[in-house]
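Notes for the one structure printed next.
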Amino acid sequence: MSQQDIDTLLSQHKLSKLDYENIKKILDREPNLVELGIFSAMWSEHCSYKSSKKYLNGFPTKAPWVIQGPGENAGVIDIGDGYAAVFKMESHNHPSFIEPYQGAATGVGGIMRDIFTMGARPVANLNALRFGNILRDDKIGAHQRYLVRGVVEGIGGYGNCMGVPTIGGESSFDDCYNGNILVNAFTLGIAKSDEIFYGKAEGIGNPVIYVGSKTGRDGLGGAVMSSDSFTDESKSLRPTVQVGDPFTEKLLLEACLELFKTDHVIGIQDMGAAGLTSSSFEMAGRSRSGMIMHLDQIPAREEGMTPYEFMLSESQERMLLCAKKGSEQEIIDIFHKWDLDAAVVGEVTDTGRMELFWHGEKCADIPIDPVSEEAPILDRPTKRPAYLQDIEDILLEDFAYTHNQDAFIKLITSMEVVDKTWIYEQYDSMVQTNTIKKGGDLDASVMRVKETGKALAMSSDCNVRYCYINPKEGAAAAVIESGRNVAMSGARPLAITDCLNYGNPENPEVMWQFAQGCDGIKEACAKLNTPVIGGNVSLYNETDGVSVFPTPTIATVGVNEDQNRVLPSSFQSNDSVLYLIGQTKHEFGGSLYLKELYNTVGGKMPKIDYDAELALWRLVIEANKKDLLLCAKDCSSGGIAIALAKMSAKSHIGCNVGIDTIDERDIFSESFSRAIVEVRPQNCDTFEEMTKDLKITKIGTTGGKHFTCNDIVLSLDQLCTYYFDTFKDVIKL
């Protein structure tokens with residue numbers, strides 16, 4: 001092969017010349033095309049984390065309740081009474097931008113397979129969606145609205161067909177996502193804590209069995225495509241987007257759960273990114289074993305497929321499992337009963353090598369460890385972004401004064417604030433009949449664990465403006481808010497999973513943002529005792545040299561010991577007393593106020609106080625256990641005024657609130673560690689006795705037909721029109 005041919009192949013496979021020299025050293029020869037494709041996929045950013053691995057080391061991952069941390073298909077925590085919660089979040093950003101319906105749908109399908117591969121039945125989905133500016137009256141705005149509609153339809157279509165409720169999530173809109181939308185999918189499942197399955201292949205001579213759908217050519221090169229930036233040319237890469245079939249996935253789920261009741265399984269792995277390549281190498285790599293596979297035995301959906309295509313296809317709804325020798329036919333019978341393909345395609349060896357055969361002839365022979373465990377770890381240069389110097393000293397006082405009433409109307413109709421019922425109503429949130437708090441109910445979503453009488457609360461959060469102006473503290477703030485939302489439902493936050501969405505790692509400023517973000521997550525998780533039990537890194541979220549804002553999405557899961565004590569987030573009664581917990585300062589850095597009124601993202605972050613945050617969590621959780629609270633809601637984007645407005649609109653109950661502030665605009669300040677709680681008048685004294693370690697202020701009462709907060713006065717009907725009708729009017733344009 002000529003050097004020009006080699007250079008062309010390396011370019012197509014996103015491999016460097018140094019990578020190629022390492023491959024030749026590992027193999028002690030030139031690689032063939034199949035082997036080159038395998039190295040390309042496994043050493044891609046998407047599969048190897050080669051740019052990010054350096055910074056992921058050191059995440060807090062252990063706690064008495066952590067059963068499985070990072071390194072498996074999903075993380076697992078003990079939720080008591082012999083049961084475990086299995087959960088993870090992953091990205092499907094690039095495919096969803098290219099083909100929104102299938103990209104989002106297969107993202108949901110993939111994360112659900114990660115959960116039931118562990119032996120857990122999926123019981124709840126969340127999603128975190130970031131789109132560009134849908135308000136623009138041009139091609140970009142029209143395209144973003146098209147992407148919203150396609151992504152939402154894809155998520156709903158797949159999740160609804162699977163019978164797994166989508167019970168919440170978040171969605172935000174910013175110009176920084178015009179060239180790269182973000183679609184992050186989260187699934188949680190329930191299993192018995194002593195019946196967790198892992199992705200390993202061990203036991204010499206044990207069979208390797210392929211189960212699920214047939215393999216086609218869809219998704220070829222998907223992992224490599226997701227490890228590069230977008231250009232005008234790459235935006236048309238539809239063949240790299242997988243095509244999902246939720247009905248087949250439902251059959252696969254039930255077949256796997258039936259299989260797990262037997263003692264036939266040694267290990268099982270979803271075929272996700274890089275398909276058969278990643279699943280086989282990861283299973284063998286975890287066990288330090290070897291594997292033989294006969295690729296001509298793989299069930300094929302298309303004629304004339306090659307070994308290269310079989311190894312790199314990302315066709316959906318497929319699993320690879322290692323079974324006990326002698327159980328082959330019983331396993332095949334289970335999957336055939338569910339109208340699924342199943343075939344013995346190989347066996348475990350002790351060679352430490354992956355040996356692939358095609359009609360009896362060896363077509364690839366690769367040592368496993370260097371591919372699955374020893375991918376290049378890059379130490380990319382970092383540099384503090386130049387833009388920070390231009391924005392860090394921005395103050396609210398730099399801008400013309402805006403009256404509070406006018407500012408409030410602007411904020412309550414912001415795409416970040418308004419109700420997204422148009423999205424939620426396309427998701428089945430009540431299937432399985434365990435949903436207690438669903439999308440649109442504000443703050444955390446909650447489901448009951450019917451086997452134990454407990455409840456699980458979960459929330460996905462990230463304020464990207466904070467992450468832009470201070471990547472470290474912004475990432476920490478995402479951990480804080482996600483945990484705070486869980487605590488406001490009465491649940492104790494236990495662990496997080498993350499989805500770290502950043503721009504091009506070849507840009508030193510982006511790598512600096514990423515490194516800082518990881519430091520922030522490490523700090524917050526350690527201080528709040530919410531370890532990281534799994535997650536995902538998505539880099540190269542960049543188009544034509546423009547990267548997205550740092551977006552480290554955090555999903556926190558917590559346990560409420562009593563499913564009947566789940567705190568709502570909106571008013572529950574007239575004539576109740578409202579308290580503000582926490583201290584309000586004049587803090588507008590990265591605020592929604594600056595963005596919406598002055599189109600500015602800048603300033604200094606609100607101050608983080610972990611002790612105050614934990615004290616807030618403990619107070620609400622303990623007061624809820626004593627039945628002292630009617631509802632609780634944290635104060636975040638838009639401050640106290642917007643938090644109260646959401647509570648009022650959602651409940652259709654008015655309020656009359658007066659708050660002492662140094663600056664009248666501080667009702668929109670976004671100081672951390674604050675919440676609003678609703679208390680019955682007869683419980684006020686008891687509640688106040690519990691709050692000696694925290695600043696609390698009685699700020700008003702509920703009731704009436706108006707929303708009143710200091711100098712803001714609005715009829716309840718007008719507030720509800722703003723809150724509930726704005727988004728659906730925009731998205732239908």
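Letters for chains follow the order of the structure tokens (A, B, ...), residue numbers begin at 1 for each chain, and ligand numbers begin at 1 in the order shown.
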Exercise. Using DSSP on the backbone coordinates, identify all residues within range 363-513 of chain A classified as strand (DSSP E); present the result as a PyMOL selection string.
Key: chain A and resi 363-367+435-437+445-449+454-461+492-501
Restricting the output to C-alpha atoms, write the selected residues as a PDB file, in the first residue's frame.
ATOM      1  CA  CYS A 363      -9.298 -11.905   9.323  1.00  0.00           C
ATOM      2  CA  ALA A 364      -8.032 -10.098  12.437  1.00  0.00           C
ATOM      3  CA  ASP A 365      -5.772 -10.936  15.378  1.00  0.00           C
ATOM      4  CA  ILE A 366      -5.321  -8.185  17.966  1.00  0.00           C
ATOM      5  CA  PRO A 367      -4.091  -8.180  21.580  1.00  0.00           C
ATOM      6  CA  THR A 435     -45.005   8.404  38.876  1.00  0.00           C
ATOM      7  CA  ILE A 436     -45.577  10.810  41.769  1.00  0.00           C
ATOM      8  CA  LYS A 437     -44.032  14.011  40.318  1.00  0.00           C
ATOM      9  CA  SER A 445     -39.257  14.233  39.387  1.00  0.00           C
ATOM     10  CA  VAL A 446     -40.316  11.422  41.716  1.00  0.00           C
ATOM     11  CA  MET A 447     -41.457   7.809  41.355  1.00  0.00           C
ATOM     12  CA  ARG A 448     -42.488   5.327  43.984  1.00  0.00           C
ATOM     13  CA  VAL A 449     -40.704   2.038  44.533  1.00  0.00           C
ATOM     14  CA  LYS A 454     -40.139   4.350  49.319  1.00  0.00           C
ATOM     15  CA  ALA A 455     -39.736   6.940  46.584  1.00  0.00           C
ATOM     16  CA  LEU A 456     -36.857   7.868  44.295  1.00  0.00           C
ATOM     17  CA  ALA A 457     -36.333  11.512  43.361  1.00  0.00           C
ATOM     18  CA  MET A 458     -34.202  12.540  40.381  1.00  0.00           C
ATOM     19  CA  SER A 459     -33.275  15.823  38.772  1.00  0.00           C
ATOM     20  CA  SER A 460     -31.142  16.877  35.803  1.00  0.00           C
ATOM     21  CA  ASP A 461     -29.537  20.316  35.899  1.00  0.00           C
ATOM     22  CA  ARG A 492     -31.859  12.551  50.537  1.00  0.00           C
ATOM     23  CA  PRO A 493     -29.468  12.989  47.563  1.00  0.00           C
ATOM     24  CA  LEU A 494     -27.212   9.930  47.256  1.00  0.00           C
ATOM     25  CA  ALA A 495     -25.268   9.916  43.973  1.00  0.00           C
ATOM     26  CA  ILE A 496     -24.901  11.530  40.562  1.00  0.00           C
ATOM     27  CA  THR A 497     -24.321  10.557  36.970  1.00  0.00           C
ATOM     28  CA  ASP A 498     -22.988  13.136  34.551  1.00  0.00           C
ATOM     29  CA  CYS A 499     -22.912  13.998  30.863  1.00  0.00           C
ATOM     30  CA  LEU A 500     -19.973  16.304  30.178  1.00  0.00           C
ATOM     31  CA  ASN A 501     -20.679  18.209  26.962  1.00  0.00           C
TER      32      ASN A 501
END
Quiz item: Could you name the residues that touch range 75-87 of chain A at 7 Å or less, counting only C-alpha atoms, but leaving out those on the same chain fewer than 5 positions away, as a list in words?
Solution: Trp65, Val66, Ile67, Gln68, Gly69, Pro70, Ile115, Ala120, Thr187, Leu188, Gly189, Ile190, Ala191, Lys192, Ser193, Thr452, Ile533, Gly534 and Val559 of chain A
Mind dumping the selected residues with N, CA and C atoms as a short mmCIF file (atom, residue, chain, number, x, y, z; two decimals), in the first residue's frame?
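Wrote it out as selection.cif, contents follow:
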data_model
loop_
_atom_site.label_atom_id
_atom_site.label_comp_id
_atom_site.auth_asym_id
_atom_site.auth_seq_id
_atom_site.Cartn_x
_atom_site.Cartn_y
_atom_site.Cartn_z
N TRP A 65 -23.38 3.32 50.26
CA TRP A 65 -24.55 2.92 49.47
C TRP A 65 -24.22 2.67 47.99
N VAL A 66 -22.97 2.87 47.59
CA VAL A 66 -22.59 2.62 46.20
C VAL A 66 -22.24 1.15 46.01
N ILE A 67 -22.98 0.48 45.14
CA ILE A 67 -22.72 -0.93 44.82
C ILE A 67 -21.78 -1.03 43.63
N GLN A 68 -21.97 -0.19 42.62
CA GLN A 68 -21.12 -0.18 41.43
C GLN A 68 -20.89 1.24 40.98
N GLY A 69 -19.64 1.60 40.86
CA GLY A 69 -19.28 2.92 40.38
C GLY A 69 -18.96 2.91 38.90
N PRO A 70 -18.21 3.90 38.41
CA PRO A 70 -17.89 3.98 36.98
C PRO A 70 -17.12 2.76 36.49
N ILE A 115 -29.15 -0.01 31.05
CA ILE A 115 -29.78 -0.29 32.35
C ILE A 115 -30.24 -1.74 32.44
N ALA A 120 -31.64 -4.78 35.53
CA ALA A 120 -32.67 -3.92 36.11
C ALA A 120 -33.77 -3.63 35.09
N THR A 187 -31.69 7.12 32.14
CA THR A 187 -32.65 6.08 32.51
C THR A 187 -32.29 5.52 33.87
N LEU A 188 -33.30 5.22 34.65
CA LEU A 188 -33.13 4.57 35.95
C LEU A 188 -33.93 3.28 35.97
N GLY A 189 -33.32 2.23 36.50
CA GLY A 189 -34.01 0.95 36.64
C GLY A 189 -33.91 0.44 38.06
N ILE A 190 -34.75 -0.53 38.37
CA ILE A 190 -34.78 -1.14 39.71
C ILE A 190 -34.42 -2.62 39.58
N ALA A 191 -33.58 -3.09 40.49
CA ALA A 191 -33.22 -4.50 40.54
C ALA A 191 -33.02 -4.90 42.00
N LYS A 192 -33.04 -6.19 42.27
CA LYS A 192 -32.64 -6.67 43.59
C LYS A 192 -31.13 -6.46 43.71
N SER A 193 -30.69 -6.00 44.86
CA SER A 193 -29.30 -5.60 45.01
C SER A 193 -28.32 -6.75 44.90
N THR A 452 -41.11 -1.40 48.01
CA THR A 452 -40.63 -1.04 49.34
C THR A 452 -41.43 0.07 50.01
N ILE A 533 -21.23 7.91 40.05
CA ILE A 533 -21.24 6.45 39.84
C ILE A 533 -21.24 6.08 38.35
N GLY A 534 -21.11 7.05 37.49
CA GLY A 534 -21.04 6.76 36.06
C GLY A 534 -21.34 8.02 35.28
N VAL A 559 -33.22 9.22 47.77
CA VAL A 559 -34.25 8.33 48.32
C VAL A 559 -35.07 9.06 49.37
#
Quiz item: Contacts of range 597-607 of chain A at 6 Å or less, counting only C-alpha atoms, minus same-chain residues fewer than 3 places along, as a count of residues only?
Solution: 12
Quiz prompt | Shell of 7 Å around Gln242 in chain A, only C-alpha atoms, local chain residues under 2 positions omitted, as JSON, numbers by chain | solution = {"A": [102, 106, 218, 219, 240, 244, 314, 315, 316]}
Quiz item: So how far away is CA of Val152 in chain A from CA of Glu670 in chain A, in Å?
Solution: 29.6 Å
Self-check item: Residue contacts of range 673-680 of chain A (9 Å, only C-alpha atoms) excluding same-chain residues fewer than 3 positions away, as a VMD selection string
Solution: chain A and resid 480 to 481 484 488 569 to 573 575 to 584 608 to 610 612 to 617 620 628 to 636 640 643 to 644 670 683 to 684 687 701 to 702
Quiz prompt | Residue list (helix (DSSP H, G or I), DSSP) for range 445-529 of chain A, as a count of residues only | solution = 45
Quiz item: For Cys322 in chain A, which of A:Tyr308, A:Phe281, A:Tyr210, A:Trp358 is the closest residue, counting only C-alpha atoms?
Solution: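 Looking only at the distances to Cys322 in chain A, the closest residue turns out to be A:Tyr210.
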